[in-house]
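Visitor: Structure provided below as structure tokens; questions to follow.
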Amino acid sequence: MKALTFPKSHRLLKPSDYSKVFDGVQLKVPHRNFLILAAPNNLGHARVGLIFSKKNLKLAVQRNRIKRQVRETFRNQQDLPALDIIVLGRKGLAQLENPAVHSALDDIWRRVKKQFNKQLEKTYRKSTSEGPDATSRGTD
């Protein structure tokens, strides 16, 4: 069984990592309490970055509790695609209990995978429809 760790290689650490995601957003997963922005990476595994403002979560205790929940649920997701993911917190997050936050995050990770697969299918269909058939027309 693979160890469920959260090494630095699975985190967005530098401002340039965050700006790459903000500039090249390809997946957007809205939720009542969270917003997920994601862009593909070439690392072979997902990385996560967290943004929780004082405006939405007033107390440091609240921000830290939510960040721990996000990191824990991300760490347990073994089959996330190779994406750089930013999790943004929205208003009303402080009022949620831990089990509600956990179930919301599980739902969000499921939706991220689903949207990524849907987008992958769409680009695959597009490339196969324009592929070899387009160049072989009229060569008989």
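Each chain in the structure tokens gets a letter, A, B, ..., in the order shown, and its residues are numbered from 1; ligands are numbered from 1 in order too.
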Pull the alpha helix (DSSP H) assignments for chain A out of DSSP run on the backbone, and list those residues as a VMD selection string.

Guide: chain A and resid 15 to 23 60 to 75 98 to 130 132 to 135

Visitor: Which residues come within 10 Å of segment 8-17 of chain A, counting only C-alpha atoms, excluding same-chain residues fewer than 3 positions away, as a list in words?

Guide: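 Selected residues are Thr5, Lys20, Val21, Phe22, Leu43, His45, Ala46, Arg47, Val48, Gly49, Leu50, Arg71, Phe74, Arg75, Asp84, Ile85 and Ile86 of chain A.
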
Visitor: Any chance you can output those residues with C-alpha atoms as a CSV table (one decimal), in the first residue's frame?

Guide:
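And here's again32.csv as it stands now:
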```csv
chain,number,residue,atom,x,y,z
A,5,THR,CA,2.1,11.5,2.6
A,20,LYS,CA,0.7,29.8,-14.0
A,21,VAL,CA,-2.6,28.4,-12.7
A,22,PHE,CA,-4.4,31.8,-12.6
A,43,LEU,CA,4.8,16.3,-13.3
A,45,HIS,CA,0.9,14.0,-10.2
A,46,ALA,CA,-1.4,16.7,-8.8
A,47,ARG,CA,-0.3,19.7,-6.7
A,48,VAL,CA,-2.4,21.8,-4.5
A,49,GLY,CA,-2.3,25.5,-3.4
A,50,LEU,CA,-4.6,27.1,-0.8
A,71,ARG,CA,-4.8,19.0,2.7
A,74,PHE,CA,-6.2,16.0,-1.1
A,75,ARG,CA,-3.7,13.6,0.4
A,84,ASP,CA,-2.0,22.2,-10.5
A,85,ILE,CA,-5.0,23.0,-8.3
A,86,ILE,CA,-5.8,26.1,-6.4
```

Visitor: Can you work out the spacing between atom CA of Arg90 of chain A and atom CA of Phe34 of chain A in Å, to one decimal?

Guide: 5.5 Å

Visitor: In chain A, what's strand (DSSP E) per DSSP? Answer as a PyMOL selection string?

Guide: chain A and resi 27-30+34-40+47-51+83-89

Visitor: Residues of segment 24-78 of chain A that have any atom at most 8 Å from an atom of segment 97-114 of chain A: could you tabulate them with the shortest-distance atom pair and the distance in Å to one decimal, using only C-alpha atoms, ordered by chain and increasing number, as CSV?

Guide:
```
residue,atom,partner,partner_atom,distance
A:Leu27,CA,A:Val112,CA,7.7
A:Val29,CA,A:Val112,CA,6.6
A:His31,CA,A:Ile108,CA,7.5
A:Ile66,CA,A:Val101,CA,7.7
A:Gln69,CA,A:His102,CA,6.5
A:Val70,CA,A:Leu105,CA,6.9
A:Thr73,CA,A:Leu105,CA,6.8
A:Phe74,CA,A:Trp109,CA,7.8
A:Gln77,CA,A:Trp109,CA,7.7
```

Visitor: Based on the selection just made, write all heavy atoms of those residues as a PDB file, in the first residue's frame.

Guide:
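Contents of result35.pdb, as written:
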```pdb
ATOM      1  N   LEU A  27      -9.666  24.240 -15.920  1.00  0.00           N
ATOM      2  CA  LEU A  27     -10.778  23.647 -15.188  1.00  0.00           C
ATOM      3  C   LEU A  27     -11.217  24.597 -14.091  1.00  0.00           C
ATOM      4  O   LEU A  27     -10.382  25.127 -13.352  1.00  0.00           O
ATOM      5  CB  LEU A  27     -10.350  22.342 -14.509  1.00  0.00           C
ATOM      6  CG  LEU A  27     -10.320  21.073 -15.311  1.00  0.00           C
ATOM      7  CD1 LEU A  27      -9.858  19.927 -14.427  1.00  0.00           C
ATOM      8  CD2 LEU A  27     -11.651  20.740 -15.894  1.00  0.00           C
ATOM      9  N   VAL A  29     -14.108  24.524 -11.036  1.00  0.00           N
ATOM     10  CA  VAL A  29     -15.144  23.748 -10.356  1.00  0.00           C
ATOM     11  C   VAL A  29     -15.724  24.611  -9.243  1.00  0.00           C
ATOM     12  O   VAL A  29     -15.106  24.769  -8.187  1.00  0.00           O
ATOM     13  CB  VAL A  29     -14.572  22.427  -9.786  1.00  0.00           C
ATOM     14  CG1 VAL A  29     -15.665  21.632  -9.094  1.00  0.00           C
ATOM     15  CG2 VAL A  29     -13.930  21.605 -10.877  1.00  0.00           C
ATOM     16  N   HIS A  31     -18.308  25.668  -6.216  1.00  0.00           N
ATOM     17  CA  HIS A  31     -19.059  25.060  -5.119  1.00  0.00           C
ATOM     18  C   HIS A  31     -19.540  26.212  -4.250  1.00  0.00           C
ATOM     19  O   HIS A  31     -18.993  27.312  -4.316  1.00  0.00           O
ATOM     20  CB  HIS A  31     -18.152  24.106  -4.327  1.00  0.00           C
ATOM     21  CG  HIS A  31     -18.870  23.360  -3.253  1.00  0.00           C
ATOM     22  ND1 HIS A  31     -18.942  23.832  -1.969  1.00  0.00           N
ATOM     23  CD2 HIS A  31     -19.536  22.191  -3.264  1.00  0.00           C
ATOM     24  CE1 HIS A  31     -19.632  22.968  -1.234  1.00  0.00           C
ATOM     25  NE2 HIS A  31     -20.003  21.966  -1.998  1.00  0.00           N
ATOM     26  N   ILE A  66      -9.732  24.785   8.094  1.00  0.00           N
ATOM     27  CA  ILE A  66     -10.160  24.475   6.733  1.00  0.00           C
ATOM     28  C   ILE A  66      -8.965  24.007   5.900  1.00  0.00           C
ATOM     29  O   ILE A  66      -9.062  23.044   5.135  1.00  0.00           O
ATOM     30  CB  ILE A  66     -10.843  25.699   6.080  1.00  0.00           C
ATOM     31  CG1 ILE A  66     -12.101  26.099   6.867  1.00  0.00           C
ATOM     32  CG2 ILE A  66     -11.183  25.417   4.629  1.00  0.00           C
ATOM     33  CD1 ILE A  66     -13.172  25.044   6.956  1.00  0.00           C
ATOM     34  N   GLN A  69      -8.247  20.452   6.621  1.00  0.00           N
ATOM     35  CA  GLN A  69      -9.242  19.574   5.984  1.00  0.00           C
ATOM     36  C   GLN A  69      -8.934  19.400   4.494  1.00  0.00           C
ATOM     37  O   GLN A  69      -9.017  18.293   3.968  1.00  0.00           O
ATOM     38  CB  GLN A  69     -10.649  20.174   6.153  1.00  0.00           C
ATOM     39  CG  GLN A  69     -11.168  20.173   7.560  1.00  0.00           C
ATOM     40  CD  GLN A  69     -11.669  18.819   7.969  1.00  0.00           C
ATOM     41  OE1 GLN A  69     -12.298  18.132   7.190  1.00  0.00           O
ATOM     42  NE2 GLN A  69     -11.375  18.429   9.190  1.00  0.00           N
ATOM     43  N   VAL A  70      -8.615  20.496   3.815  1.00  0.00           N
ATOM     44  CA  VAL A  70      -8.317  20.426   2.376  1.00  0.00           C
ATOM     45  C   VAL A  70      -7.087  19.555   2.139  1.00  0.00           C
ATOM     46  O   VAL A  70      -7.083  18.678   1.270  1.00  0.00           O
ATOM     47  CB  VAL A  70      -8.111  21.837   1.773  1.00  0.00           C
ATOM     48  CG1 VAL A  70      -7.637  21.746   0.335  1.00  0.00           C
ATOM     49  CG2 VAL A  70      -9.396  22.644   1.858  1.00  0.00           C
ATOM     50  N   THR A  73      -7.962  15.781   2.736  1.00  0.00           N
ATOM     51  CA  THR A  73      -8.746  15.145   1.674  1.00  0.00           C
ATOM     52  C   THR A  73      -7.935  15.038   0.385  1.00  0.00           C
ATOM     53  O   THR A  73      -8.046  14.051  -0.334  1.00  0.00           O
ATOM     54  CB  THR A  73     -10.066  15.901   1.409  1.00  0.00           C
ATOM     55  OG1 THR A  73      -9.789  17.248   1.060  1.00  0.00           O
ATOM     56  CG2 THR A  73     -10.982  15.840   2.605  1.00  0.00           C
ATOM     57  N   PHE A  74      -7.103  16.038   0.089  1.00  0.00           N
ATOM     58  CA  PHE A  74      -6.239  15.973  -1.095  1.00  0.00           C
ATOM     59  C   PHE A  74      -5.252  14.813  -0.965  1.00  0.00           C
ATOM     60  O   PHE A  74      -5.019  14.059  -1.911  1.00  0.00           O
ATOM     61  CB  PHE A  74      -5.486  17.297  -1.268  1.00  0.00           C
ATOM     62  CG  PHE A  74      -4.512  17.286  -2.407  1.00  0.00           C
ATOM     63  CD1 PHE A  74      -4.947  17.493  -3.706  1.00  0.00           C
ATOM     64  CD2 PHE A  74      -3.161  17.075  -2.188  1.00  0.00           C
ATOM     65  CE1 PHE A  74      -4.046  17.473  -4.760  1.00  0.00           C
ATOM     66  CE2 PHE A  74      -2.264  17.054  -3.229  1.00  0.00           C
ATOM     67  CZ  PHE A  74      -2.702  17.258  -4.519  1.00  0.00           C
ATOM     68  N   GLN A  77      -6.613  11.484  -1.893  1.00  0.00           N
ATOM     69  CA  GLN A  77      -7.004  11.292  -3.294  1.00  0.00           C
ATOM     70  C   GLN A  77      -5.815  10.730  -4.066  1.00  0.00           C
ATOM     71  O   GLN A  77      -4.923  11.458  -4.460  1.00  0.00           O
ATOM     72  CB  GLN A  77      -7.458  12.621  -3.918  1.00  0.00           C
ATOM     73  CG  GLN A  77      -8.677  13.220  -3.299  1.00  0.00           C
ATOM     74  CD  GLN A  77      -9.884  12.334  -3.464  1.00  0.00           C
ATOM     75  OE1 GLN A  77     -10.113  11.762  -4.525  1.00  0.00           O
ATOM     76  NE2 GLN A  77     -10.666  12.222  -2.412  1.00  0.00           N
TER      77      GLN A  77
END
```

Visitor: Give the answer as one residue: which of A:Lys91, A:Lys28, A:Lys118, A:Lys126 has the shortest atom-to-atom distance to Phe52 of chain A, using only C-alpha atoms?

Guide: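 Result for the nearest residue to Phe52 of chain A: A:Lys91.
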
Visitor: Rank A:Leu83, A:Val25, A:Thr123, A:Lys58 by their smallest atom-to-atom distance to Gln95 of chain A, using only C-alpha atoms, and report the top residue only.

Guide: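 Between A:Leu83, A:Val25, A:Thr123, A:Lys58, the residue approaching Gln95 of chain A most closely is A:Lys58.
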
Visitor: Between atom CA of Arg68 of chain A and atom CA of Ser53 of chain A, what is the distance, to one decimal in Å?

Guide: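 Calculated distance between atom CA of Arg68 of chain A and atom CA of Ser53 of chain A is 15.1 Å.
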
Visitor: Just to confirm, what's the straight-line distance from atom CA of Val61 of chain A to atom CA of Leu4 of chain A in Å (one decimal)?

Guide: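 Distance reported for this atom pair: 24.8 Å.
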
Visitor: Please determine, counting only C-alpha atoms, which residue among A:Ser19, A:Asn56, A:Lys122, A:Gln78 has the shortest atom-to-atom distance to Asn33 of chain A.

Guide: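 Ranking A:Ser19, A:Asn56, A:Lys122, A:Gln78 by distance to Asn33 of chain A, first place goes to A:Asn56.
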